[in-house]
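Chemist: Pasting work.txt here (compact mmCIF, C-alpha atoms and all ligand atoms):
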# COMPACT_ATOMS: atom_id res chain seq x y z
CA MET A 13 0.00 0.00 0.00
CA ARG A 14 1.29 3.50 -0.79
CA PRO A 15 2.36 5.45 2.31
CA ASP A 16 -0.07 8.31 1.65
CA ALA A 17 -2.96 5.85 1.47
CA THR A 18 -2.01 4.51 4.89
CA ALA A 19 -1.91 8.02 6.31
CA TRP A 20 -5.32 8.76 4.83
CA ILE A 21 -6.84 5.64 6.39
CA GLY A 22 -5.26 6.57 9.71
CA ALA A 23 -6.78 10.05 9.56
CA ALA A 24 -10.20 8.68 8.58
CA LEU A 25 -10.07 6.24 11.51
CA ALA A 26 -9.08 9.00 13.92
CA ILE A 27 -12.07 11.07 12.78
CA ALA A 28 -14.42 8.09 13.11
CA VAL A 29 -13.18 7.41 16.65
CA ALA A 30 -13.54 11.09 17.60
CA GLN A 31 -17.08 11.15 16.23
CA ALA A 32 -18.03 7.97 18.08
CA ALA A 33 -16.76 9.48 21.34
CA ALA A 34 -18.59 12.76 20.69
CA ALA A 35 -21.81 10.90 19.91
CA ALA A 36 -21.85 9.06 23.25
CA PRO A 37 -24.15 11.14 25.44
CA ASP A 38 -23.27 12.29 28.96
CA PRO A 39 -25.68 11.76 31.86
CA LEU A 40 -27.29 14.92 33.31
CA PRO A 41 -25.00 16.87 35.70
CA GLU A 42 -26.88 15.83 38.91
CA ARG A 43 -26.68 12.21 37.86
CA GLN A 44 -22.96 12.63 37.12
CA ASN A 45 -22.47 13.71 40.74
CA GLU A 46 -24.42 10.67 41.98
CA LEU A 47 -22.39 8.36 39.77
CA ILE A 48 -19.07 9.78 40.98
CA TYR A 49 -20.27 9.51 44.60
CA ARG A 50 -21.24 5.90 43.92
CA LEU A 51 -17.89 5.20 42.26
CA LYS A 52 -15.98 6.50 45.27
CA GLN A 53 -18.18 4.84 47.92
CA ASP A 54 -19.41 1.54 46.46
CA CYS A 55 -16.77 0.83 43.86
CA GLY A 56 -14.13 2.36 46.10
CA SER A 57 -14.82 -0.22 48.81
CA CYS A 58 -13.13 -2.78 46.54
CA HIS A 59 -11.19 -0.70 44.03
CA GLY A 60 -9.87 1.83 46.55
CA LEU A 61 -11.25 5.28 47.33
CA THR A 62 -8.82 6.76 44.82
CA MET A 63 -9.19 3.82 42.39
CA LYS A 64 -5.69 2.55 43.14
CA GLY A 65 -6.96 -0.96 43.83
CA GLY A 66 -7.70 -3.19 46.82
CA LEU A 67 -9.74 -6.38 46.62
CA GLY A 68 -10.47 -5.29 43.04
CA PRO A 69 -7.84 -4.15 40.52
CA PRO A 70 -6.90 -0.46 40.14
CA LEU A 71 -9.20 1.53 37.82
CA LEU A 72 -6.61 4.05 36.64
CA PRO A 73 -5.91 5.49 33.18
CA GLU A 74 -2.66 3.51 32.91
CA THR A 75 -4.26 0.17 33.80
CA LEU A 76 -7.32 0.70 31.60
CA VAL A 77 -5.76 2.30 28.51
CA ASP A 78 -5.44 -0.96 26.55
CA LYS A 79 -8.89 -2.27 27.45
CA PRO A 80 -11.78 -1.48 25.09
CA ASP A 81 -14.57 0.66 26.60
CA ASP A 82 -17.18 -1.93 25.62
CA ALA A 83 -15.41 -4.70 27.56
CA LEU A 84 -15.15 -2.52 30.69
CA VAL A 85 -18.80 -1.48 30.35
CA ASP A 86 -19.80 -5.16 30.18
CA VAL A 87 -17.82 -5.90 33.35
CA ILE A 88 -19.57 -3.02 35.18
CA LEU A 89 -23.06 -3.97 34.00
CA ASP A 90 -22.77 -7.77 34.23
CA GLY A 91 -20.05 -8.25 36.86
CA VAL A 92 -17.49 -11.04 36.60
CA PRO A 93 -19.02 -14.37 37.69
CA GLY A 94 -16.83 -16.30 40.11
CA THR A 95 -15.14 -13.11 41.37
CA PRO A 96 -16.30 -10.48 43.91
CA MET A 97 -17.13 -8.05 41.04
CA PRO A 98 -20.93 -7.72 41.21
CA PRO A 99 -23.27 -6.69 38.36
CA TRP A 100 -24.56 -3.10 38.51
CA ASN A 101 -27.09 -3.15 35.67
CA PHE A 102 -29.96 -2.82 38.16
CA GLU A 103 -28.94 0.76 38.88
CA ILE A 104 -26.39 1.88 36.29
CA SER A 105 -27.44 2.22 32.64
CA LYS A 106 -25.23 1.45 29.67
CA VAL A 107 -24.86 5.16 28.83
CA GLU A 108 -23.88 5.83 32.45
CA ALA A 109 -21.37 2.94 32.50
CA HIS A 110 -19.77 4.32 29.32
CA TRP A 111 -19.50 7.74 30.95
CA LEU A 112 -17.92 6.22 34.09
CA VAL A 113 -15.40 4.34 31.95
CA ARG A 114 -14.50 7.60 30.17
CA GLN A 115 -13.95 9.31 33.56
CA MET A 116 -11.81 6.41 34.83
CA LYS A 117 -9.73 6.42 31.64
CA LYS A 118 -9.24 10.20 31.87
CA GLY A 119 -8.43 9.94 35.57
CA THR A 120 -10.93 12.72 36.33
CA ILE A 121 -12.79 11.01 39.19
CA ASP A 122 -11.25 13.33 41.78
CA ASP A 123 -12.10 16.46 39.76
CA HIS A 124 -15.80 16.04 40.59
C1 LIG B 201 -17.13 -6.45 46.15
C2 LIG B 201 -15.97 -5.88 45.47
C3 LIG B 201 -16.19 -5.03 44.24
C4 LIG B 201 -17.04 -3.95 44.09
C5 LIG B 201 -18.00 -3.35 45.11
C6 LIG B 201 -16.81 -3.45 42.74
N1 LIG B 201 -15.87 -4.20 42.12
FE1 LIG B 201 -15.19 -3.95 40.18
N2 LIG B 201 -14.04 -5.60 40.36
C7 LIG B 201 -13.87 -6.35 41.52
C8 LIG B 201 -12.97 -7.46 41.23
C9 LIG B 201 -12.51 -8.52 42.22
C10 LIG B 201 -12.61 -7.34 39.87
C11 LIG B 201 -11.68 -8.27 39.06
C12 LIG B 201 -12.54 -9.33 38.42
C13 LIG B 201 -11.70 -10.32 37.65
O1 LIG B 201 -10.96 -11.07 38.28
O2 LIG B 201 -11.78 -10.29 36.40
C14 LIG B 201 -13.28 -6.14 39.35
C15 LIG B 201 -13.15 -5.68 38.07
C16 LIG B 201 -13.64 -4.46 37.62
C17 LIG B 201 -13.36 -3.87 36.34
C18 LIG B 201 -12.45 -4.45 35.25
C19 LIG B 201 -11.07 -3.89 35.49
C20 LIG B 201 -10.06 -4.36 34.50
O3 LIG B 201 -8.93 -3.87 34.58
O4 LIG B 201 -10.36 -5.20 33.66
C21 LIG B 201 -14.02 -2.69 36.27
C22 LIG B 201 -14.04 -1.68 35.13
C23 LIG B 201 -14.73 -2.56 37.52
N3 LIG B 201 -14.49 -3.63 38.32
C24 LIG B 201 -15.52 -1.47 37.83
C25 LIG B 201 -16.29 -1.37 38.99
C26 LIG B 201 -17.22 -0.31 39.24
C27 LIG B 201 -17.48 0.87 38.29
C28 LIG B 201 -17.79 -0.57 40.45
C29 LIG B 201 -18.88 0.23 41.16
C30 LIG B 201 -20.08 0.55 40.39
C31 LIG B 201 -17.18 -1.78 40.97
N4 LIG B 201 -16.27 -2.24 40.04
C32 LIG B 201 -17.45 -2.34 42.21
C33 LIG B 201 -14.48 -6.13 42.73
C34 LIG B 201 -15.45 -5.17 43.00
Do you think you could lay out the structure here as structure tokens?

Modeler:
Amino acid sequence: MRPDATAWIGAALAIAVAQAAAAAPDPLPERQNELIYRLKQDCGSCHGLTMKGGLGPPLLPETLVDKPDDALVDVILDGVPGTPMPPWNFEISKVEAHWLVRQMKKGTIDDH
């Protein structure tokens, strides 16, 4: 393949990824506060108050960077059978789980 074609495909992919991220809606601001509170209290009891890990693994940008958002969202919603990670789909929606994953990957939990 010609080098310029590769660059073009790379640019097109980058735009597609940016658009996909922009299209994912954010929860309303009050709900964002609830979700962050929940993340620190409930999730923090296993993953550490500052997400550095405990019974559960750390949920930090550097540990999550290589994991696809969809896979992390599935873990949050469905839990991991046979481990202490419980399912949260009874109170966290898919849109909300995606938003939480974005916050964890950005490391912005403590900014809220
Ligand atoms: C009772 C303890 C516990 C609680 C509470 C808990 N987790 Fe977990 N979580 C775990 C464990 C243990 C694992 C590792 C599961 C495995 O072995 O795959 C895990 C895995 C994860 C993973 C996958 C991490 C990775 O690197 O693949 C994510 C994301 C996650 N939890 C998010 C959450 C969120 C968000 C909450 C709160 C809504 C939460 N967890 C609450 C114990 C917990």

Chemist: Select, counting all atoms listed in the file, all protein, DNA and RNA residues no farther than 12 Å from (-27.8, 0.3, 33.2) in file coordinates, and express the selection as a ChimeraX atom specification.

Modeler: /A:39,47,85-90,99-112

Chemist: Given a cut-off of 8 Å, what residues near ligand LIG 201 (chain B) show up using only C-alpha atoms and all ligand atoms, put as JSON, numbers by chain?

Modeler: {"A": [50, 51, 54, 55, 56, 57, 58, 59, 67, 68, 69, 70, 71, 75, 76, 79, 83, 84, 85, 87, 88, 91, 92, 95, 96, 97, 98, 100, 104, 109, 112, 113]}

Chemist: In Å to one decimal, how far is CA of Glu42 (chain A) from CA of Arg114 (chain A)?

Modeler: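 It comes out at 17.2 Å.
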
Chemist: Just how far from CA of Gly66 (chain A) is CA of Pro41 (chain A), in Å to one decimal?

Modeler: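 Separating CA of Pro41 (chain A) from CA of Gly66 (chain A) is a distance of 28.7 Å.
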
Chemist: Could you tell me which of A:Leu40, A:Ile121, A:Ile48, A:Val77 comes closest to Thr62 (chain A) if we count only C-alpha atoms?

Modeler: A:Ile121
